[in-house]
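Student: This one is input.cif, mmCIF, C-alpha atoms.
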```cif
data_data
loop_
_atom_site.label_atom_id
_atom_site.label_comp_id
_atom_site.auth_asym_id
_atom_site.auth_seq_id
_atom_site.Cartn_x
_atom_site.Cartn_y
_atom_site.Cartn_z
CA MET A 19 -40.08 48.93 29.32
CA LEU A 20 -41.67 49.46 25.96
CA GLU A 21 -40.43 53.04 25.86
CA VAL A 22 -36.87 51.94 26.50
CA ALA A 23 -37.06 49.56 23.61
CA ASP A 24 -38.47 52.31 21.41
CA THR A 25 -35.71 54.78 22.12
CA GLU A 26 -33.14 52.11 21.55
CA THR A 27 -34.61 51.37 18.18
CA GLN A 28 -34.51 55.04 17.32
CA ASN A 29 -30.88 55.21 18.32
CA HIS A 30 -30.10 52.43 15.93
CA GLY A 31 -32.17 54.00 13.18
CA PRO A 32 -33.73 52.07 10.36
CA VAL A 33 -31.94 49.00 9.14
CA ASP A 34 -30.65 48.36 5.67
CA LEU A 35 -31.20 44.65 5.20
CA ARG A 36 -29.46 44.66 1.85
CA ALA A 37 -26.33 46.12 3.37
CA GLU A 38 -26.51 43.54 6.14
CA PHE A 39 -26.85 40.90 3.48
CA ALA A 40 -23.79 42.14 1.65
CA ASN A 41 -21.78 42.60 4.84
CA ALA A 42 -22.37 39.08 6.00
CA GLY A 43 -20.62 37.83 2.87
CA ILE A 44 -23.60 35.60 2.45
CA SER A 45 -24.53 36.89 -0.98
CA ASP A 46 -21.21 35.49 -2.20
CA VAL A 47 -22.04 32.10 -0.77
CA LEU A 48 -25.55 32.13 -2.24
CA TYR A 49 -24.25 33.29 -5.58
CA GLY A 50 -21.68 30.52 -5.49
CA LEU A 51 -24.46 28.07 -4.77
CA ASP A 52 -26.39 29.26 -7.82
CA ARG A 53 -23.35 29.22 -10.04
CA ASP A 54 -21.72 25.96 -9.00
CA LEU A 55 -24.70 23.74 -8.49
CA VAL A 56 -26.87 22.81 -11.44
CA GLY A 57 -30.61 22.48 -10.94
CA LEU A 58 -31.83 21.88 -7.37
CA LYS A 59 -34.25 24.81 -7.62
CA PRO A 60 -36.39 23.92 -4.60
CA VAL A 61 -33.28 23.35 -2.51
CA LYS A 62 -31.80 26.68 -3.46
CA ALA A 63 -35.09 28.40 -2.72
CA ARG A 64 -35.22 26.81 0.74
CA ILE A 65 -31.65 27.78 1.49
CA ARG A 66 -32.39 31.34 0.44
CA GLU A 67 -35.38 31.34 2.79
CA ILE A 68 -33.33 29.97 5.64
CA ALA A 69 -30.59 32.49 4.98
CA SER A 70 -33.12 35.33 5.03
CA LEU A 71 -34.61 34.03 8.24
CA LEU A 72 -31.20 33.88 9.85
CA LEU A 73 -30.30 37.33 8.62
CA VAL A 74 -33.49 38.84 10.03
CA GLU A 75 -32.92 36.92 13.23
CA ARG A 76 -29.48 38.43 13.52
CA VAL A 77 -30.75 41.96 12.92
CA ARG A 78 -33.45 41.36 15.51
CA GLN A 79 -30.81 40.34 17.99
CA LYS A 80 -28.97 43.56 17.31
CA TYR A 81 -32.13 45.51 18.15
CA GLY A 82 -32.67 43.62 21.35
CA TYR A 83 -35.68 41.64 20.12
CA ALA A 84 -33.64 38.58 20.81
CA THR A 85 -35.38 35.30 21.10
CA GLU A 86 -33.53 32.17 22.08
CA ALA A 87 -31.15 30.59 19.62
CA PRO A 88 -33.16 29.37 16.62
CA THR A 89 -33.32 25.66 15.91
CA LEU A 90 -31.23 25.07 12.83
CA HIS A 91 -31.07 21.31 12.64
CA MET A 92 -32.03 20.07 9.21
CA SER A 93 -32.80 16.93 7.34
CA PHE A 94 -31.80 16.48 3.71
CA THR A 95 -33.73 13.80 1.91
CA GLY A 96 -33.28 12.68 -1.64
CA ASN A 97 -32.04 9.94 -3.90
CA PRO A 98 -28.37 9.07 -4.15
CA GLY A 99 -26.18 11.54 -5.97
CA THR A 100 -28.52 14.52 -5.68
CA GLY A 101 -25.99 16.75 -3.95
CA LYS A 102 -26.88 16.44 -0.28
CA THR A 103 -23.29 16.43 0.95
CA THR A 104 -22.28 19.24 -1.38
CA VAL A 105 -25.12 21.41 -0.17
CA ALA A 106 -24.35 20.57 3.47
CA LEU A 107 -20.87 21.91 2.93
CA ARG A 108 -22.33 25.15 1.56
CA MET A 109 -24.74 25.28 4.44
CA ALA A 110 -21.83 25.24 6.86
CA SER A 111 -20.33 28.31 5.22
CA ILE A 112 -23.68 30.12 5.16
CA LEU A 113 -24.17 29.48 8.86
CA LYS A 114 -20.62 30.62 9.50
CA ALA A 115 -21.11 33.80 7.46
CA LEU A 116 -24.16 34.64 9.52
CA GLY A 117 -22.48 33.78 12.78
CA PHE A 118 -24.83 30.97 13.77
CA VAL A 119 -21.93 28.56 14.07
CA ARG A 120 -18.58 29.80 15.26
CA GLN A 121 -16.08 27.85 13.12
CA GLY A 122 -18.06 26.46 10.19
CA GLN A 123 -16.39 23.08 9.78
CA LEU A 124 -18.39 20.16 8.41
CA ILE A 125 -17.90 16.82 10.10
CA SER A 126 -19.39 14.11 7.93
CA VAL A 127 -20.14 10.83 9.70
CA THR A 128 -22.10 7.63 9.26
CA ARG A 129 -23.31 5.04 11.74
CA ASP A 130 -19.85 3.48 12.06
CA ASP A 131 -18.39 6.69 13.44
CA LEU A 132 -21.03 7.08 16.13
CA VAL A 133 -21.99 3.62 17.26
CA GLY A 134 -19.58 1.37 19.13
CA GLN A 135 -19.14 -2.37 19.01
CA TYR A 136 -19.61 -3.32 22.64
CA ILE A 137 -21.35 -2.02 25.72
CA GLY A 138 -19.92 1.29 26.87
CA HIS A 139 -18.17 1.99 23.59
CA THR A 140 -20.88 4.05 21.98
CA ALA A 141 -21.14 7.01 24.33
CA PRO A 142 -17.44 7.99 24.25
CA LYS A 143 -17.35 7.49 20.50
CA THR A 144 -20.37 9.69 19.89
CA LYS A 145 -19.12 12.32 22.30
CA GLU A 146 -15.74 12.35 20.60
CA ILE A 147 -17.41 13.11 17.27
CA LEU A 148 -19.64 15.73 18.84
CA LYS A 149 -16.56 17.43 20.29
CA LYS A 150 -15.08 17.68 16.82
CA ALA A 151 -18.32 19.04 15.43
CA ILE A 152 -18.83 21.73 18.07
CA GLY A 153 -18.69 25.12 16.44
CA GLY A 154 -19.71 23.66 13.10
CA VAL A 155 -22.03 21.28 11.33
CA LEU A 156 -22.41 17.57 12.02
CA PHE A 157 -23.58 15.81 8.87
CA ILE A 158 -24.96 12.32 9.50
CA ASP A 159 -25.24 10.47 6.23
CA GLU A 160 -27.82 7.68 6.01
CA ALA A 161 -29.02 8.54 9.48
CA TYR A 162 -31.66 5.81 9.53
CA TYR A 163 -28.99 3.18 10.05
CA LEU A 164 -28.58 4.59 13.55
CA TYR A 165 -31.83 2.95 14.50
CA ARG A 166 -32.35 -0.76 13.98
CA PRO A 167 -35.84 -1.62 15.15
CA ASP A 168 -35.27 -5.35 14.62
CA ASN A 169 -32.55 -5.47 17.29
CA GLU A 170 -33.62 -3.95 20.57
CA ARG A 171 -30.15 -4.29 22.06
CA ASP A 172 -28.58 -2.35 19.22
CA TYR A 173 -26.22 0.35 20.47
CA GLY A 174 -27.53 2.83 17.92
CA GLN A 175 -30.24 3.83 20.36
CA GLU A 176 -27.60 5.09 22.76
CA ALA A 177 -26.07 7.30 20.09
CA ILE A 178 -29.52 8.63 19.24
CA GLU A 179 -30.17 9.60 22.83
CA ILE A 180 -26.89 11.47 23.13
CA LEU A 181 -27.53 13.22 19.82
CA LEU A 182 -31.02 14.27 20.83
CA GLN A 183 -29.75 15.66 24.10
CA VAL A 184 -27.02 17.68 22.40
CA MET A 185 -29.40 18.89 19.67
CA GLU A 186 -31.66 20.25 22.35
CA ASN A 187 -29.18 21.64 24.88
CA GLN A 188 -26.34 22.85 22.71
CA ARG A 189 -28.30 24.40 19.90
CA GLU A 190 -25.97 27.39 19.77
CA ASP A 191 -22.89 25.16 19.56
CA LEU A 192 -23.57 22.92 16.61
CA VAL A 193 -26.03 22.21 13.84
CA VAL A 194 -26.95 18.64 13.00
CA ILE A 195 -27.92 17.72 9.45
CA LEU A 196 -29.41 14.28 8.89
CA ALA A 197 -29.37 12.95 5.36
CA GLY A 198 -30.71 9.93 3.57
CA TYR A 199 -33.23 8.52 1.14
CA ALA A 200 -36.66 10.03 1.53
CA ASP A 201 -38.76 6.94 2.30
CA ARG A 202 -36.35 5.49 4.83
CA MET A 203 -35.86 8.85 6.55
CA GLU A 204 -39.63 9.16 6.81
CA LYS A 205 -39.78 5.80 8.53
CA PHE A 206 -36.87 6.76 10.77
CA PHE A 207 -38.64 9.93 11.88
CA THR A 208 -41.84 8.02 12.56
CA LEU A 209 -39.97 5.61 14.81
CA ASN A 210 -37.98 8.41 16.49
CA PRO A 211 -40.39 11.31 16.93
CA GLY A 212 -37.78 13.06 19.05
CA PHE A 213 -35.75 13.76 15.94
CA ARG A 214 -38.62 15.11 13.91
CA SER A 215 -39.59 17.64 16.55
CA ARG A 216 -36.02 18.88 16.91
CA ILE A 217 -35.50 19.43 13.21
CA ALA A 218 -36.70 22.73 11.89
CA HIS A 219 -35.96 22.42 8.22
CA HIS A 220 -36.78 19.45 6.06
CA ILE A 221 -35.30 19.88 2.61
CA ASP A 222 -36.12 17.49 -0.20
CA PHE A 223 -33.61 17.04 -3.01
CA PRO A 224 -35.31 16.27 -6.34
CA ASP A 225 -33.75 14.03 -8.97
CA TYR A 226 -31.89 15.81 -11.74
CA GLU A 227 -33.46 16.26 -15.15
CA ASN A 228 -31.58 14.84 -18.13
CA PRO A 229 -30.38 18.23 -19.45
CA GLU A 230 -29.18 19.08 -15.94
CA LEU A 231 -27.17 15.88 -15.79
CA LEU A 232 -25.64 16.69 -19.16
CA SER A 233 -24.58 20.08 -17.93
CA ILE A 234 -23.24 18.49 -14.74
CA SER A 235 -21.19 16.07 -16.81
CA GLU A 236 -19.70 18.95 -18.77
CA THR A 237 -18.86 20.82 -15.57
CA MET A 238 -17.21 17.74 -14.12
CA LEU A 239 -15.11 17.27 -17.24
CA ALA A 240 -14.16 20.92 -17.40
CA ARG A 241 -12.96 20.76 -13.81
CA GLN A 242 -10.56 17.99 -14.88
CA ASN A 243 -9.56 19.78 -18.06
CA TYR A 244 -11.45 17.51 -20.41
CA HIS A 245 -14.24 18.28 -22.82
CA PHE A 246 -16.65 16.47 -25.13
CA THR A 247 -16.42 16.64 -28.88
CA PRO A 248 -19.81 17.79 -30.23
CA GLU A 249 -20.65 14.22 -31.27
CA ALA A 250 -19.60 12.88 -27.89
CA ARG A 251 -21.93 15.36 -26.27
CA ASP A 252 -24.85 13.84 -28.18
CA VAL A 253 -23.74 10.39 -27.14
CA MET A 254 -23.59 11.54 -23.54
CA ARG A 255 -27.18 12.78 -23.82
CA ARG A 256 -28.27 9.36 -25.07
CA TYR A 257 -26.19 7.71 -22.38
CA ILE A 258 -28.00 9.64 -19.67
CA GLU A 259 -31.41 8.71 -21.09
CA ARG A 260 -30.53 5.05 -21.17
CA ARG A 261 -28.68 4.99 -17.88
CA ARG A 262 -31.69 6.41 -16.07
CA GLU A 263 -33.78 3.42 -17.12
CA GLN A 264 -31.33 0.98 -15.63
CA PRO A 265 -31.03 -0.19 -12.04
CA TYR A 266 -28.84 1.53 -9.44
CA PHE A 267 -29.12 4.88 -11.15
CA SER A 268 -27.74 7.46 -8.75
CA ASN A 269 -27.91 10.80 -10.51
CA ALA A 270 -24.69 12.79 -10.49
CA ARG A 271 -22.73 9.94 -8.96
CA SER A 272 -23.56 7.69 -11.93
CA ILE A 273 -22.44 10.45 -14.22
CA ARG A 274 -19.15 10.80 -12.38
CA ASN A 275 -18.55 7.07 -12.62
CA ALA A 276 -19.44 7.06 -16.31
CA LEU A 277 -16.95 9.84 -16.93
CA ASP A 278 -14.27 8.01 -15.01
CA ARG A 279 -14.77 5.01 -17.28
CA ALA A 280 -14.77 7.24 -20.32
CA ARG A 281 -11.42 8.69 -19.26
CA LEU A 282 -10.15 5.17 -18.88
CA ARG A 283 -11.24 4.29 -22.41
CA GLN A 284 -9.82 7.53 -23.73
CA ALA A 285 -6.45 6.75 -22.18
CA ASN A 286 -6.58 3.27 -23.66
CA ARG A 287 -7.42 4.67 -27.06
CA LEU A 288 -4.55 7.17 -26.90
CA VAL A 289 -2.05 4.51 -25.87
CA ALA A 290 -3.13 2.32 -28.79
CA TYR A 291 -3.11 5.27 -31.20
CA GLU A 292 -0.44 5.11 -33.84
CA GLY A 293 1.09 8.39 -34.76
CA PRO A 294 1.82 11.63 -32.94
CA ILE A 295 -0.62 12.77 -30.31
CA GLN A 296 -1.66 16.39 -30.45
CA PRO A 297 -1.97 18.13 -27.08
CA GLU A 298 -5.68 18.80 -27.60
CA MET A 299 -6.28 15.11 -28.10
CA LEU A 300 -5.39 14.65 -24.44
CA THR A 301 -8.40 16.70 -23.39
CA MET A 302 -10.98 15.34 -25.82
CA ILE A 303 -13.57 12.71 -24.99
CA GLU A 304 -14.76 11.18 -28.21
CA PRO A 305 -18.00 9.26 -28.91
CA GLY A 306 -16.17 5.94 -28.88
CA ASP A 307 -15.06 6.52 -25.29
CA LEU A 308 -18.67 6.65 -24.23
CA LEU A 309 -20.10 4.10 -26.65
CA GLY A 310 -17.94 1.40 -25.09
CA SER A 311 -20.23 1.47 -22.09
CA ARG A 312 -22.39 -1.46 -21.10
CA VAL A 313 -25.31 0.95 -21.04
CA PHE A 314 -25.35 0.93 -24.84
CA LEU A 315 -25.62 -2.83 -25.14
CA GLU A 316 -28.93 -3.94 -26.58
CA ASN A 317 -29.48 -6.24 -23.62
CA PRO A 318 -27.28 -4.98 -20.82
CA GLY A 319 -27.75 -8.10 -18.67
CA ASN A 320 -26.32 -8.27 -15.21
CA THR A 321 -22.55 -8.23 -15.25
CA GLY A 322 -22.45 -7.45 -11.56
CA GLU A 323 -20.89 -4.10 -12.30
CA ILE A 324 -22.69 -0.88 -11.69
CA ASP A 325 -22.16 2.14 -13.92
CA ALA A 326 -19.87 0.16 -16.18
CA MET B 30 1.32 30.03 49.06
CA ARG B 31 0.09 30.53 45.54
CA ILE B 32 1.87 28.30 43.06
CA THR B 33 3.20 30.09 40.03
CA GLN B 34 3.87 27.87 37.06
CA GLY B 35 3.51 28.31 33.31
CA CYS B 36 2.06 31.34 31.58
CA PHE B 37 -0.09 33.98 33.25
CA SER B 38 0.66 32.67 36.71
CA TYR B 39 1.56 36.11 38.07
CA LEU B 40 -1.81 37.39 36.92
CA PRO B 41 -5.04 36.81 38.80
CA ASP B 42 -6.55 33.46 37.85
CA LEU B 43 -8.10 33.59 34.38
CA THR B 44 -11.85 33.60 34.13
CA ASP B 45 -13.55 30.95 32.02
CA GLU B 46 -14.12 33.51 29.32
CA GLN B 47 -10.42 34.34 29.22
CA ILE B 48 -9.51 30.65 29.20
CA THR B 49 -11.91 30.12 26.28
CA LYS B 50 -10.16 32.83 24.31
CA GLN B 51 -6.74 31.37 25.01
CA ILE B 52 -7.94 27.95 23.89
CA GLN B 53 -9.45 29.36 20.73
CA TYR B 54 -6.14 31.06 19.99
CA CYS B 55 -4.38 27.68 20.36
CA LEU B 56 -6.92 25.93 18.13
CA ASP B 57 -6.75 28.63 15.48
CA ASN B 58 -3.02 27.99 15.33
CA GLY B 59 -3.64 24.28 14.85
CA TRP B 60 -2.20 23.20 18.20
CA ALA B 61 -3.54 20.20 20.08
CA VAL B 62 -4.78 21.07 23.53
CA ASN B 63 -4.11 18.81 26.53
CA LEU B 64 -5.51 18.82 30.02
CA GLU B 65 -3.45 17.54 32.91
CA TYR B 66 -4.02 17.38 36.64
CA THR B 67 -2.00 16.64 39.73
CA ASP B 68 -2.07 17.03 43.47
CA ASP B 69 1.70 17.20 43.86
CA PRO B 70 2.54 20.87 43.69
CA HIS B 71 6.32 20.54 43.62
CA PRO B 72 7.76 22.63 40.79
CA ARG B 73 9.94 19.75 39.64
CA ASN B 74 6.94 17.47 39.26
CA THR B 75 6.72 17.50 35.50
CA TYR B 76 4.68 14.33 35.10
CA TRP B 77 1.07 15.31 35.57
CA GLU B 78 -1.79 12.92 34.95
CA MET B 79 -3.44 13.45 31.59
CA TRP B 80 -7.16 13.98 31.37
CA GLY B 81 -7.98 11.89 28.32
CA LEU B 82 -5.89 12.10 25.20
CA PRO B 83 -4.48 15.21 23.57
CA MET B 84 -7.40 16.79 21.77
CA PHE B 85 -6.56 16.79 18.11
CA ASP B 86 -9.07 17.68 15.39
CA ILE B 87 -11.09 20.05 17.53
CA ARG B 88 -12.08 23.40 16.09
CA ASP B 89 -13.99 25.16 18.80
CA ALA B 90 -12.93 26.07 22.33
CA LYS B 91 -16.34 25.18 23.71
CA ALA B 92 -15.61 21.47 23.24
CA ILE B 93 -12.46 21.76 25.32
CA MET B 94 -14.20 23.86 27.95
CA GLY B 95 -16.66 20.96 28.25
CA GLU B 96 -13.78 18.58 28.96
CA LEU B 97 -12.29 21.07 31.40
CA ASP B 98 -15.59 21.22 33.26
CA ASN B 99 -15.69 17.43 33.46
CA CYS B 100 -12.12 17.37 34.76
CA ARG B 101 -12.90 20.07 37.32
CA ARG B 102 -15.93 18.18 38.54
CA ILE B 103 -13.94 15.01 39.19
CA HIS B 104 -10.74 16.65 40.39
CA ASN B 105 -12.17 19.67 42.11
CA GLU B 106 -9.31 20.02 44.59
CA CYS B 107 -6.37 19.54 42.27
CA TYR B 108 -4.17 21.59 40.05
CA ILE B 109 -5.30 21.45 36.44
CA ARG B 110 -3.16 22.83 33.69
CA LEU B 111 -3.87 23.28 30.06
CA SER B 112 -1.14 22.97 27.49
CA ALA B 113 -1.07 23.16 23.73
CA PHE B 114 1.22 21.09 21.55
CA ASP B 115 2.43 22.36 18.22
CA ALA B 116 3.07 19.44 15.89
CA THR B 117 4.54 21.45 13.02
CA ASP B 118 7.95 20.43 11.80
CA THR B 119 10.83 21.79 13.91
CA TRP B 120 8.53 22.95 16.71
CA GLU B 121 7.12 19.63 17.87
CA SER B 122 6.80 20.85 21.41
CA LEU B 123 4.51 22.66 23.81
CA ARG B 124 3.78 26.25 22.89
CA ILE B 125 1.80 27.27 25.91
CA SER B 126 0.96 25.90 29.32
CA PHE B 127 -1.02 27.51 32.09
CA ILE B 128 -2.86 26.61 35.26
CA VAL B 129 -6.64 26.65 34.93
CA GLN B 130 -7.57 25.42 38.37
CA ARG B 131 -5.89 25.34 41.76
CA PRO B 132 -7.02 23.93 45.10
CA SER B 133 -8.91 26.31 47.32
CA ASP B 134 -6.20 26.11 49.98
CA GLU B 135 -2.53 25.93 49.07
CA PRO B 136 -0.44 25.35 52.21
CA GLY B 137 2.85 25.87 50.40
CA PHE B 138 6.29 24.41 51.05
CA MET B 139 8.48 23.59 53.97
CA LEU B 140 12.21 24.24 53.69
CA THR B 141 14.37 21.63 55.38
CA ARG B 142 18.11 21.83 55.91
CA GLN B 143 20.46 18.93 56.16
CA GLU B 144 24.06 19.24 57.27
CA VAL B 145 26.39 17.12 55.19
CA GLY B 146 30.14 16.66 55.08
CA GLY B 147 32.07 19.68 56.33
CA ARG B 148 29.83 22.65 56.83
CA ASN B 149 27.89 22.04 53.66
CA MET B 150 24.17 22.48 53.75
CA ARG B 151 21.60 20.68 51.65
CA TYR B 152 18.22 22.24 51.16
CA GLU B 153 14.97 20.56 50.34
CA THR B 154 11.61 22.07 49.60
CA ARG B 155 8.80 19.77 50.51
CA ALA B 156 5.13 20.53 50.01
CA TYR B 157 3.19 20.28 53.26
CA VAL B 158 0.45 18.40 51.47
CA LEU B 159 2.83 15.59 50.52
CA GLN B 160 2.49 14.18 54.04
CA LYS B 161 -0.86 12.85 52.93
CA PRO B 162 -1.25 10.10 50.36
CA GLU B 163 -2.02 10.88 46.75
CA GLY B 164 -5.68 11.64 46.19
CA ALA B 165 -6.24 12.85 49.77
CA ARG B 166 -3.92 15.83 49.75
CA TYR B 167 -6.32 18.67 49.22
CA ASP B 168 -9.48 17.18 50.67
CA SER B 169 -10.99 19.81 52.87
#
```
Would you mind writing the file's structure down as C-alpha cells?

Tutor:
Amino acid sequence: MLEVADTETQNHGPVDLRAEFANAGISDVLYGLDRDLVGLKPVKARIREIASLLLVERVRQKYGYATEAPTLHMSFTGNPGTGKTTVALRMASILKALGFVRQGQLISVTRDDLVGQYIGHTAPKTKEILKKAIGGVLFIDEAYYLYRPDNERDYGQEAIEILLQVMENQREDLVVILAGYADRMEKFFTLNPGFRSRIAHHIDFPDYENPELLSISETMLARQNYHFTPEARDVMRRYIERRREQPYFSNARSIRNALDRARLRQANRLVAYEGPIQPEMLTMIEPGDLLGSRVFLENPGNTGEIDA
Amino acid sequence: MRITQGCFSYLPDLTDEQITKQIQYCLDNGWAVNLEYTDDPHPRNTYWEMWGLPMFDIRDAKAIMGELDNCRRIHNECYIRLSAFDATDTWESLRISFIVQRPSDEPGFMLTRQEVGGRNMRYETRAYVLQKPEGARYDS
C-alpha cells in the first residue's frame, strides 16, 4: 500500500506551491484584500494562514493524501464597523478560488431570516435559507440573537439545531460564518458548546487606529469622487479623535455616516453659494462641512442622534 | 410501456450525477428550477402537482437535488419531472423539462375505439393505471 502511494507521488513529481498559489487566482484575492482594506493586520494574517492551509489541503488531495473535508466554519468577532461583512465577502471568493465552495455566493442573514413567528414556521424558513446558501457562504450577523436563554420556548433553538446539523453533515456544501460583538459571542458559545466545537477558525477584528480611520475616510470619499481640502483633512483627524470618545462609536460605520453628513452640508453650502460654481468645487469637502458636526460642540449633550 | 416526455426521454434514464449537471446548467443560466409530480401518465396531462414553489435564488444544484430526494422519498412511485423557467424578458417560459423519476412498472395505455355517426371511428388512449384512484395507481 505504501509503495503504491510512493510511486504515485513520484509520477506526480515535486509540487510547486507557488505555481499552485498563482493558478488558484488566490493571490489576486489576497492582494485585493491587502490593497482595499485598511489595517486589520491580524485578520489578514489569519486569512493568509487559512488560505495556505486550504491550498496545502488541496495539493494533498491531488496526491491522494486526502483527509475528509476540512471544517471551514468561522466566527468573526469584533466591534461594530470593523469590516466583518466586508471580509466575509472576500472569504467567499477565496474559498471559491480554492474550490472549497462550489459557487462562492455570500448569503447574509440575521435572526429574522432564520427564525419563524409560530410553531412549525422556523424549520422551513431556515431550510429555505440554507438551500440558497448551499455552494457558498452563509453569513449570520449578530448570531447570538438566535439564542434567547430567558425564553425557553423561543424558536431560535430550533434554527440552531438545524444549523448545527447542516454544519456537521454538509461541510463540503456550505461554510457558515457567525459574526457579532466579541463578549456576546463568547457568551453565546458558552451556552451553545455545539457551535464552538464545529467552528474551526475564530477571527477577532480589532478596532481601527485613528490614522487608519482617516485613511478609510479618504478612500470612501475617493470612491464617491470627493476629496478633502488639506485643512479639511486636519479637521477630519480631529473629528475622529473626538468621535471616538463619544458613545455609539462604531469605527468605519461612524466615519461613513460622518461623511454622509458632510456631503449634505457641502451640498447645502454650494446651493447657498453666490456666484459661479467651479467643477472642482463639487468634489471638495471643506473644513466647514465637517465643523458643523455635533461632535465639535463643547458639550455635545444628547440630541438623540447618533453620528450627527 | 416507457413514457417518453420532455428532453432526454429517448435516452436511458439520467443518473443523479447527470441530473446534477443539467440542474447546474439551468442555474448558471439564471433559470428557476421546478419539481413536479403526477401519477397520471397521459401525455395530455399538463397539470402536474408542484413540489413546493419554483426554486428561485438558488445557486447550487446540490440544494435542488436535496429537494428532489425529498420528493422521491414521498412520491416514490410517481413520475417526477424537473423543469426550468427562464424569466428573462421575451422568453418568460420553460426552457427545459425532463423526467427524473418514473414508476418501477409502467403498464402503458389501452386503445379504445368508438363507432360514431356513419363509419367514423373515435379513438381514445387510456392509461391502464387510471382505473385506480389517484394516489393508488402505482402502488406495488

Student: Just say which residues the PyMOL selection byres ((chain B) within 8 of (chain A)) picks in this file, as a list in words.

Tutor: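 Those residues are Asp86, Ile87, Arg88, Asp89, Lys91, Ala92 and Ile93 of chain B.
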
Student: Would you mind reading off the distance between CA of Val127 (chain A) and CA of Leu97 (chain B), one decimal, in Å?

Tutor: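 Pair CA of Val127 (chain A) / CA of Leu97 (chain B) returns 25.2 Å.
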
Student: Please evaluate the PyMOL selection byres ((chain B and resi 121-136) around 6) against the displayed coordinates and give the resulting residues as JSON, numbers by chain.

Tutor: {"B": [30, 35, 36, 106, 107, 108, 109, 110, 111, 112, 113, 114, 115, 116, 117, 119, 120, 137]}

Student: Hey, can you pull every residue with an atom no more than 12 Å from (2.1, 15.6, 52.2), using only C-alpha atoms, and send it as a PyMOL selection string?

Tutor: chain B and resi 68-71+135-139+154-168

Student: Let me know the residues the PyMOL selection byres ((chain A and resi 63-75) around 8) catches in the file above, as JSON, numbers by chain.

Tutor: {"A": [35, 38, 39, 48, 59, 60, 61, 62, 76, 77, 78, 79, 84, 109, 112, 116, 221]}

Student: Please, what distance in Å, to one decimal, runs between CA of Tyr66 (chain B) and CA of Gly81 (chain B)?

Tutor: 10.7 Å

Student: To one decimal place, how far is CA of Asp225 (chain A) from CA of Phe94 (chain A) in Å?

Tutor: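 Calculated distance between CA of Asp225 (chain A) and CA of Phe94 (chain A) is 13.1 Å.
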
Student: Might you pull out every residue within 9 Å of Asp201 (chain A), with only C-alpha atoms counted and same-chain residues fewer than 5 positions away left off, and present them as a list in words?

Tutor: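 What passes the distance filter is Thr95, Gly96 and Phe206 of chain A.
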
Student: How about completing region 72-85 of chain A with N, CA and C atoms and giving it to me as a PDB file, in the coordinates of the input?

Tutor:
```
ATOM      1  N   LEU A  72     -32.332  33.727   8.942  1.00  0.00           N
ATOM      2  CA  LEU A  72     -31.200  33.880   9.850  1.00  0.00           C
ATOM      3  C   LEU A  72     -30.714  35.318   9.872  1.00  0.00           C
ATOM      4  N   LEU A  73     -30.752  35.945   8.705  1.00  0.00           N
ATOM      5  CA  LEU A  73     -30.300  37.330   8.620  1.00  0.00           C
ATOM      6  C   LEU A  73     -31.215  38.223   9.446  1.00  0.00           C
ATOM      7  N   VAL A  74     -32.533  38.036   9.274  1.00  0.00           N
ATOM      8  CA  VAL A  74     -33.490  38.840  10.030  1.00  0.00           C
ATOM      9  C   VAL A  74     -33.329  38.564  11.525  1.00  0.00           C
ATOM     10  N   GLU A  75     -33.117  37.302  11.828  1.00  0.00           N
ATOM     11  CA  GLU A  75     -32.920  36.920  13.230  1.00  0.00           C
ATOM     12  C   GLU A  75     -31.724  37.665  13.820  1.00  0.00           C
ATOM     13  N   ARG A  76     -30.672  37.767  13.019  1.00  0.00           N
ATOM     14  CA  ARG A  76     -29.480  38.430  13.520  1.00  0.00           C
ATOM     15  C   ARG A  76     -29.717  39.918  13.725  1.00  0.00           C
ATOM     16  N   VAL A  77     -30.446  40.537  12.778  1.00  0.00           N
ATOM     17  CA  VAL A  77     -30.750  41.960  12.920  1.00  0.00           C
ATOM     18  C   VAL A  77     -31.639  42.169  14.135  1.00  0.00           C
ATOM     19  N   ARG A  78     -32.578  41.258  14.335  1.00  0.00           N
ATOM     20  CA  ARG A  78     -33.450  41.360  15.510  1.00  0.00           C
ATOM     21  C   ARG A  78     -32.641  41.290  16.796  1.00  0.00           C
ATOM     22  N   GLN A  79     -31.655  40.430  16.791  1.00  0.00           N
ATOM     23  CA  GLN A  79     -30.810  40.340  17.990  1.00  0.00           C
ATOM     24  C   GLN A  79     -30.121  41.664  18.247  1.00  0.00           C
ATOM     25  N   LYS A  80     -29.680  42.296  17.186  1.00  0.00           N
ATOM     26  CA  LYS A  80     -28.970  43.560  17.310  1.00  0.00           C
ATOM     27  C   LYS A  80     -29.887  44.614  17.944  1.00  0.00           C
ATOM     28  N   TYR A  81     -31.177  44.530  17.640  1.00  0.00           N
ATOM     29  CA  TYR A  81     -32.130  45.510  18.150  1.00  0.00           C
ATOM     30  C   TYR A  81     -32.696  45.104  19.503  1.00  0.00           C
ATOM     31  N   GLY A  82     -32.216  44.000  20.027  1.00  0.00           N
ATOM     32  CA  GLY A  82     -32.670  43.620  21.350  1.00  0.00           C
ATOM     33  C   GLY A  82     -33.997  42.879  21.332  1.00  0.00           C
ATOM     34  N   TYR A  83     -34.464  42.465  20.170  1.00  0.00           N
ATOM     35  CA  TYR A  83     -35.680  41.640  20.120  1.00  0.00           C
ATOM     36  C   TYR A  83     -35.303  40.166  20.196  1.00  0.00           C
ATOM     37  N   ALA A  84     -34.198  39.916  20.903  1.00  0.00           N
ATOM     38  CA  ALA A  84     -33.640  38.580  20.810  1.00  0.00           C
ATOM     39  C   ALA A  84     -34.599  37.527  21.339  1.00  0.00           C
ATOM     40  N   THR A  85     -34.721  36.492  20.594  1.00  0.00           N
ATOM     41  CA  THR A  85     -35.380  35.300  21.100  1.00  0.00           C
ATOM     42  C   THR A  85     -34.260  34.317  21.401  1.00  0.00           C
TER      43      THR A  85
END
```
